[in-house]
Amino acid sequence: MQKEFYDPAKPDGQNSSIKEPISHNGIGKIGKRYLIPARQGRAVRLKKNQSIFIHNIRGNQVCDFFALIDGSESEFLSMEHTRTALGRVYVSKGDILVTNRRRPLIQIVEDTSPGIHDILIACCDHARYQQLGAVSYHDNCADNFRMSLLAINVPIKHIPSPFNIWMNIPVSENNGKYSWEAPVSSAGDSIKLKAYEDCIIVMSACPQDMTPVNGLGVLPSELEFELESF
Ligand SMILES: [Zn+2]
């Protein structure tokens with residue numbers, strides 16, 4: 001059987017994430033509120049010591065969050081290395097998330113939600129929705145990541161595991177099993193993340209509507225973000 005060549009940079013389908021970047025090079029204006037439409041992604045450049053606020057407008061929406069070192073994108077925020085650094089499978093305010101070279105990259109500076117986030121689960125992708133029973137293309141965070149970066153002309157070779165902000169994946173203390181639960185965040189909650197290095201942030205308003213990770217009986221919704229100065 002002939003092997004199928006897998007190009008991690010190539011989206012399996014498309015939405016407006018690929019044609020509506022916040023600017024041609026992903027540089028944002030400090031203090032301006034940017035929209036991440038429901039089911040889409042956006043990329044933004046964040047400078048060392050600068051912070052980004054991400055706002056959960058309706059309260060039920062998960063944000064798949066990625067960060068790559070600007071100009072050296074093969075170094076990226078890594079959940080497996082972060083779990084090693086923290087010695088935990090949950091994060092909390094004050095924690096520093098690290099790269100695949102074990103360098104500090106993102107700190108959780110403020111968090112108005114109860115602090116339930118996920119660092120275990122891979123982002124949703126085309127294959128995941130096919131497994132869940134989708135019969136046609138379904139928006140997904142892997143493609144949103146690819147398209148958001150293509151939109152600002154940043155090539156990628158790999159899709160990291162995301163920091164899943166507001167995603168509620170409780171792990172049993174008895175047997176290590178986990179379940180997929182609705183977020184416990186509220187409308188208007190926000191999280192403030194500070195960069196330790198110049199990086200490119202990609203956020204995807206997760207389009208998952210086949211499991212309850214974005215809330216029971218509610219549609220995936222929009223997010224907003226803004227950059228704070230140093
Ligand atoms: Zn997703």
# chains A, B, ... in the order shown; residues from 1 in each chain; ligands from 1

call {"tool": "select_by_dssp", "arguments": {"residues": "range 59-230 of chain A", "states": "strand (DSSP E or B)", "output": "JSON list (two decimals) with C-alpha atoms, in the first residue's frame"}}
result
[["chain", "number", "residue", "atom", "x", "y", "z"],
["A", 63, "CYS", "CA", -10.28, 28.61, 23.81],
["A", 64, "ASP", "CA", -7.57, 26.38, 22.36],
["A", 65, "PHE", "CA", -4.43, 28.42, 22.99],
["A", 66, "PHE", "CA", -1.07, 27.95, 21.24],
["A", 67, "ALA", "CA", 2.18, 29.93, 21.41],
["A", 68, "LEU", "CA", 5.23, 29.69, 19.15],
["A", 69, "ILE", "CA", 8.54, 31.50, 19.54],
["A", 76, "PHE", "CA", 6.53, 26.21, 21.04],
["A", 77, "LEU", "CA", 4.43, 26.08, 24.17],
["A", 96, "ILE", "CA", 4.46, 29.30, 34.24],
["A", 97, "LEU", "CA", 3.93, 27.19, 31.11],
["A", 98, "VAL", "CA", 7.06, 26.13, 29.25],
["A", 99, "THR", "CA", 8.26, 25.30, 25.73],
["A", 104, "PRO", "CA", 9.31, 29.64, 30.44],
["A", 105, "LEU", "CA", 7.00, 31.12, 27.81],
["A", 106, "ILE", "CA", 3.57, 31.95, 29.24],
["A", 107, "GLN", "CA", 2.47, 32.84, 32.76],
["A", 108, "ILE", "CA", -1.14, 32.78, 33.98],
["A", 109, "VAL", "CA", -1.22, 36.18, 35.63],
["A", 110, "GLU", "CA", -4.94, 36.69, 36.27],
["A", 111, "ASP", "CA", -7.97, 34.45, 36.01],
["A", 118, "ASP", "CA", -7.13, 21.55, 30.55],
["A", 163, "PHE", "CA", -3.54, 24.92, 26.49],
["A", 164, "ASN", "CA", -7.32, 24.44, 26.58],
["A", 165, "ILE", "CA", -8.58, 27.47, 28.44],
["A", 168, "ASN", "CA", -13.31, 21.07, 31.95],
["A", 171, "VAL", "CA", -9.63, 13.33, 36.23],
["A", 178, "TYR", "CA", -11.39, 11.52, 32.86],
["A", 181, "GLU", "CA", -17.75, 18.19, 31.10],
["A", 189, "ASP", "CA", -14.73, 35.79, 32.54],
["A", 190, "SER", "CA", -11.22, 36.57, 31.37],
["A", 191, "ILE", "CA", -7.70, 35.26, 31.70],
["A", 192, "LYS", "CA", -4.50, 37.32, 31.50],
["A", 193, "LEU", "CA", -1.40, 35.63, 30.10],
["A", 194, "LYS", "CA", 2.08, 37.16, 30.04],
["A", 195, "ALA", "CA", 4.81, 36.28, 27.52],
["A", 199, "CYS", "CA", 5.91, 34.83, 20.43],
["A", 200, "ILE", "CA", 3.05, 34.22, 18.06],
["A", 201, "ILE", "CA", -0.20, 33.37, 19.81],
["A", 202, "VAL", "CA", -2.92, 31.39, 18.09],
["A", 203, "MET", "CA", -6.36, 31.11, 19.65],
["A", 204, "SER", "CA", -9.21, 28.97, 18.37],
["A", 205, "ALA", "CA", -12.81, 29.36, 19.53],
["A", 223, "LEU", "CA", -14.23, 34.99, 22.07],
["A", 224, "GLU", "CA", -12.46, 38.33, 22.27],
["A", 225, "PHE", "CA", -8.90, 39.30, 23.11],
["A", 226, "GLU", "CA", -6.86, 42.40, 23.69],
["A", 227, "LEU", "CA", -3.19, 43.18, 24.14],
["A", 228, "GLU", "CA", -1.93, 45.02, 27.16]]

call {"tool": "residues_near_ligand", "arguments": {"ligand": "ligand 1", "cutoff": "10 Å", "atoms": "only C-alpha atoms and all ligand atoms", "output": "PDB file with N, CA and C atoms, in the first residue's frame"}}
result
ATOM      1  N   ARG A  39     -16.210  29.344  16.081  1.00  0.00           N
ATOM      2  CA  ARG A  39     -15.684  28.267  15.218  1.00  0.00           C
ATOM      3  C   ARG A  39     -14.429  28.659  14.447  1.00  0.00           C
ATOM      4  N   GLN A  40     -13.843  29.844  14.735  1.00  0.00           N
ATOM      5  CA  GLN A  40     -12.672  30.296  13.980  1.00  0.00           C
ATOM      6  C   GLN A  40     -11.462  30.509  14.892  1.00  0.00           C
ATOM      7  N   VAL A  62     -14.765  27.351  25.087  1.00  0.00           N
ATOM      8  CA  VAL A  62     -13.375  26.936  25.279  1.00  0.00           C
ATOM      9  C   VAL A  62     -12.480  27.637  24.248  1.00  0.00           C
ATOM     10  N   CYS A  63     -11.282  28.029  24.703  1.00  0.00           N
ATOM     11  CA  CYS A  63     -10.276  28.610  23.815  1.00  0.00           C
ATOM     12  C   CYS A  63      -9.081  27.675  23.736  1.00  0.00           C
ATOM     13  N   ASP A  64      -8.807  27.134  22.557  1.00  0.00           N
ATOM     14  CA  ASP A  64      -7.570  26.376  22.355  1.00  0.00           C
ATOM     15  C   ASP A  64      -6.462  27.392  22.099  1.00  0.00           C
ATOM     16  N   ILE A 121      -5.554  17.332  26.740  1.00  0.00           N
ATOM     17  CA  ILE A 121      -6.254  16.857  25.547  1.00  0.00           C
ATOM     18  C   ILE A 121      -5.742  17.545  24.282  1.00  0.00           C
ATOM     19  N   ALA A 122      -5.503  16.740  23.238  1.00  0.00           N
ATOM     20  CA  ALA A 122      -5.111  17.277  21.923  1.00  0.00           C
ATOM     21  C   ALA A 122      -6.246  18.121  21.351  1.00  0.00           C
ATOM     22  N   CYS A 123      -5.912  19.052  20.476  1.00  0.00           N
ATOM     23  CA  CYS A 123      -6.962  19.868  19.870  1.00  0.00           C
ATOM     24  C   CYS A 123      -7.813  19.012  18.934  1.00  0.00           C
ATOM     25  N   CYS A 124      -9.045  19.460  18.723  1.00  0.00           N
ATOM     26  CA  CYS A 124      -9.928  18.732  17.809  1.00  0.00           C
ATOM     27  C   CYS A 124      -9.424  18.911  16.376  1.00  0.00           C
ATOM     28  N   ASP A 125      -9.682  17.923  15.557  1.00  0.00           N
ATOM     29  CA  ASP A 125      -9.242  17.963  14.167  1.00  0.00           C
ATOM     30  C   ASP A 125     -10.221  17.193  13.292  1.00  0.00           C
ATOM     31  N   ARG A 128     -10.939  13.629  14.319  1.00  0.00           N
ATOM     32  CA  ARG A 128     -11.742  13.522  15.542  1.00  0.00           C
ATOM     33  C   ARG A 128     -13.234  13.619  15.224  1.00  0.00           C
ATOM     34  N   TYR A 129     -13.605  14.551  14.362  1.00  0.00           N
ATOM     35  CA  TYR A 129     -15.032  14.705  14.040  1.00  0.00           C
ATOM     36  C   TYR A 129     -15.543  13.551  13.185  1.00  0.00           C
ATOM     37  N   ASP A 139     -15.612  22.335  11.069  1.00  0.00           N
ATOM     38  CA  ASP A 139     -14.576  23.253  11.556  1.00  0.00           C
ATOM     39  C   ASP A 139     -13.841  22.589  12.716  1.00  0.00           C
ATOM     40  N   ASN A 140     -12.543  22.851  12.839  1.00  0.00           N
ATOM     41  CA  ASN A 140     -11.783  22.222  13.922  1.00  0.00           C
ATOM     42  C   ASN A 140     -10.583  23.080  14.301  1.00  0.00           C
ATOM     43  N   CYS A 141     -10.096  22.866  15.519  1.00  0.00           N
ATOM     44  CA  CYS A 141      -9.038  23.725  16.054  1.00  0.00           C
ATOM     45  C   CYS A 141      -7.706  23.509  15.339  1.00  0.00           C
ATOM     46  N   ALA A 142      -7.429  22.288  14.879  1.00  0.00           N
ATOM     47  CA  ALA A 142      -6.183  22.068  14.138  1.00  0.00           C
ATOM     48  C   ALA A 142      -6.166  22.909  12.867  1.00  0.00           C
ATOM     49  N   ASP A 143      -7.264  22.900  12.132  1.00  0.00           N
ATOM     50  CA  ASP A 143      -7.329  23.719  10.915  1.00  0.00           C
ATOM     51  C   ASP A 143      -7.340  25.211  11.249  1.00  0.00           C
ATOM     52  N   ASN A 144      -8.017  25.587  12.332  1.00  0.00           N
ATOM     53  CA  ASN A 144      -7.996  26.998  12.724  1.00  0.00           C
ATOM     54  C   ASN A 144      -6.573  27.449  13.029  1.00  0.00           C
ATOM     55  N   PHE A 145      -5.800  26.577  13.687  1.00  0.00           N
ATOM     56  CA  PHE A 145      -4.385  26.870  13.968  1.00  0.00           C
ATOM     57  C   PHE A 145      -3.606  27.033  12.651  1.00  0.00           C
ATOM     58  N   PRO A 162      -2.637  21.990  22.634  1.00  0.00           N
ATOM     59  CA  PRO A 162      -2.956  23.333  23.124  1.00  0.00           C
ATOM     60  C   PRO A 162      -3.151  23.395  24.636  1.00  0.00           C
ATOM     61  N   ASN A 164      -5.875  24.334  26.816  1.00  0.00           N
ATOM     62  CA  ASN A 164      -7.315  24.442  26.576  1.00  0.00           C
ATOM     63  C   ASN A 164      -7.976  25.260  27.682  1.00  0.00           C
ATOM     64  N   MET A 167     -11.595  24.638  29.424  1.00  0.00           N
ATOM     65  CA  MET A 167     -12.055  23.278  29.121  1.00  0.00           C
ATOM     66  C   MET A 167     -12.008  22.445  30.404  1.00  0.00           C
ATOM     67  N   SER A 204      -8.085  29.507  19.134  1.00  0.00           N
ATOM     68  CA  SER A 204      -9.207  28.972  18.375  1.00  0.00           C
ATOM     69  C   SER A 204     -10.432  28.906  19.282  1.00  0.00           C
ATOM     70  N   ALA A 205     -11.520  29.523  18.828  1.00  0.00           N
ATOM     71  CA  ALA A 205     -12.808  29.364  19.526  1.00  0.00           C
ATOM     72  C   ALA A 205     -13.325  27.978  19.134  1.00  0.00           C
ATOM     73  N   CYS A 206     -13.091  27.012  19.997  1.00  0.00           N
ATOM     74  CA  CYS A 206     -13.268  25.600  19.645  1.00  0.00           C
ATOM     75  C   CYS A 206     -14.681  25.335  19.098  1.00  0.00           C
ATOM     76  N   PRO A 207     -14.760  24.744  17.900  1.00  0.00           N
ATOM     77  CA  PRO A 207     -16.069  24.498  17.286  1.00  0.00           C
ATOM     78  C   PRO A 207     -16.715  23.176  17.705  1.00  0.00           C
ATOM     79  N   GLN A 208     -16.203  22.602  18.796  1.00  0.00           N
ATOM     80  CA  GLN A 208     -16.728  21.290  19.227  1.00  0.00           C
ATOM     81  C   GLN A 208     -18.206  21.410  19.616  1.00  0.00           C
ATOM     82  N   ASP A 209     -19.052  20.730  18.880  1.00  0.00           N
ATOM     83  CA  ASP A 209     -20.488  20.692  19.209  1.00  0.00           C
ATOM     84  C   ASP A 209     -21.001  19.250  19.197  1.00  0.00           C
ATOM     85  N   VAL A 213     -18.056  19.901  25.575  1.00  0.00           N
ATOM     86  CA  VAL A 213     -16.974  20.715  26.142  1.00  0.00           C
ATOM     87  C   VAL A 213     -17.252  22.217  26.078  1.00  0.00           C
ATOM     88  N   ASN A 214     -18.117  22.638  25.164  1.00  0.00           N
ATOM     89  CA  ASN A 214     -18.478  24.061  25.116  1.00  0.00           C
ATOM     90  C   ASN A 214     -19.834  24.318  25.773  1.00  0.00           C
ATOM     91  N   PRO A 220     -21.280  26.574  19.913  1.00  0.00           N
ATOM     92  CA  PRO A 220     -19.988  27.253  20.054  1.00  0.00           C
ATOM     93  C   PRO A 220     -20.154  28.754  19.790  1.00  0.00           C
TER      94      PRO A 220
END

call {"tool": "closest_residue", "arguments": {"among": "A:Gln131, A:Pro8, A:Gly41, A:Lys48", "to": "Ser229 in chain A", "atoms": "only C-alpha atoms"}}
result
A:Lys48

call {"tool": "closest_residue", "arguments": {"among": "A:Ala38, A:Ile119, A:Leu150, A:Ala182", "to": "His81 in chain A", "atoms": "only C-alpha atoms"}}
result
A:Ile119

call {"tool": "closest_residue", "arguments": {"among": "A:Ile152, A:Leu132, A:Ala127, A:Val184", "to": "Gly13 in chain A", "atoms": "only C-alpha atoms"}}
result
A:Ala127

call {"tool": "closest_residue", "arguments": {"among": "A:Val91, A:Ile36, A:Ala187, A:Met79", "to": "Ser16 in chain A", "atoms": "only C-alpha atoms"}}
result
A:Ile36

call {"tool": "select_by_dssp", "arguments": {"residues": "range 47-211 of chain A", "states": "alpha helix (DSSP H)", "output": "PyMOL selection string"}}
result
chain A and resi 79-86+126-132+141-150

call {"tool": "atom_distance", "arguments": {"atom1": "CA of Glu197 in chain A", "atom2": "CA of Leu46 in chain A"}}
result
8.3 Å

call {"tool": "atom_distance", "arguments": {"atom1": "CA of His138 in chain A", "atom2": "CA of His126 in chain A"}}
result
6.7 Å

call {"tool": "closest_residue", "arguments": {"among": "A:Ala43, A:Leu216, A:Ala9, A:Ala134", "to": "His24 in chain A", "atoms": "only C-alpha atoms"}}
result
A:Ala43

call {"tool": "atom_distance", "arguments": {"atom1": "CA of Ser72 in chain A", "atom2": "CA of Arg101 in chain A"}}
result
11.8 Å

call {"tool": "closest_residue", "arguments": {"among": "A:Phe53, A:Asn175, A:Gly31, A:Lys3", "to": "Thr112 in chain A", "atoms": "only C-alpha atoms"}}
result
A:Phe53
